[in-house]
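Chemist: Below you will find the structure I want to go over with you.
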Amino acid sequence: MAHTGPLAGIRILEFSQIVAGPFAGVALSDMGADIIKVEPLRGEDRRNSGAVVPNEGKYFQSLNRGKRSLTVDLGTPDGQALIHRIIPGSTWCS
């Protein structure tokens with residue numbers, strides 16, 4: 001996905017849910033940042049709020065448009081190792 005804008009070339013790992021963090025990620029994505037939303041294996045709890053299509057509720061879509069998603073079990077050594085491999089060159093948004 002090609003990004004344009006003042007934040008093009010910046011990758012942000014987002015470890016947030018509910019409203020404030022995801023909204024910040026949408027704003028950063030709108031300015032060109034590459035947002036990778038890190039979710040638990042089951043996905044964010046609000047993925048199915050008001051969903052007609054499973055895992056694609058409008059609440060979730062509105063706060064996560066323009067992002068890529070990655071499901072990771074952060075409680076395991078493999079999950080932690082994966083995040084450590086992605087961290088170089090990334091910024092945090094939590």
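Going by the structure tokens order, chains are called A, B, ..., each with residues numbered from 1, while ligands are numbered from 1 in the order shown.
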Tell me, as a PyMOL selection string, which residues lie within 9 Å of stretch 74-89 of chain A, counting only C-alpha atoms; anything in the same chain fewer than 3 positions away does not count.
Modeler: chain A and resi 10-13+40+92
Chemist: Tell me, which residues of chain A carry DSSP helix (DSSP H, G or I), written as JSON, numbers by chain?
Modeler: {"A": [20, 21, 22, 23, 24, 25, 26, 27, 28, 29, 30, 45, 46, 47, 48, 58, 59, 60, 61, 62, 63, 64, 77, 78, 79, 80, 81, 82, 83, 84, 85, 86]}
Chemist: Using only C-alpha atoms, determine which residues lie at most 12 Å from A:Val19, disregarding the query and same-chain residues fewer than 2 positions distant; provide the list as a ChimeraX atom specification.
Modeler: /A:16-17,21-26,44,46,59-64,94
Chemist: Using only C-alpha atoms, which protein or nucleic acid residues come within 8 Å of A:Leu41? Drop anything in the same chain fewer than 6 positions from it, and give the result as a count of residues only.
Modeler: 3
Chemist: Write out as a list in words all residues of stretch 10-60 of chain A that backbone DSSP assigns to strand (DSSP E).
Modeler: Arg11, Ile12, Leu13, Glu14, Asp34, Ile35, Ile36, Lys37, Val38 and Glu39 of chain A
Chemist: From the list A:Ala51, A:Leu28, A:Leu70, A:Val38, which residue is nearest A:Pro6 when using only C-alpha atoms?
Modeler: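 The closest residue to A:Pro6 is A:Leu28.
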Chemist: Could you check which of A:Ser69, A:Lys37, A:Ser90, A:Asn48 is closest to A:Gly9, using only C-alpha atoms?
Modeler: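 Nearest to A:Gly9: A:Ser90.
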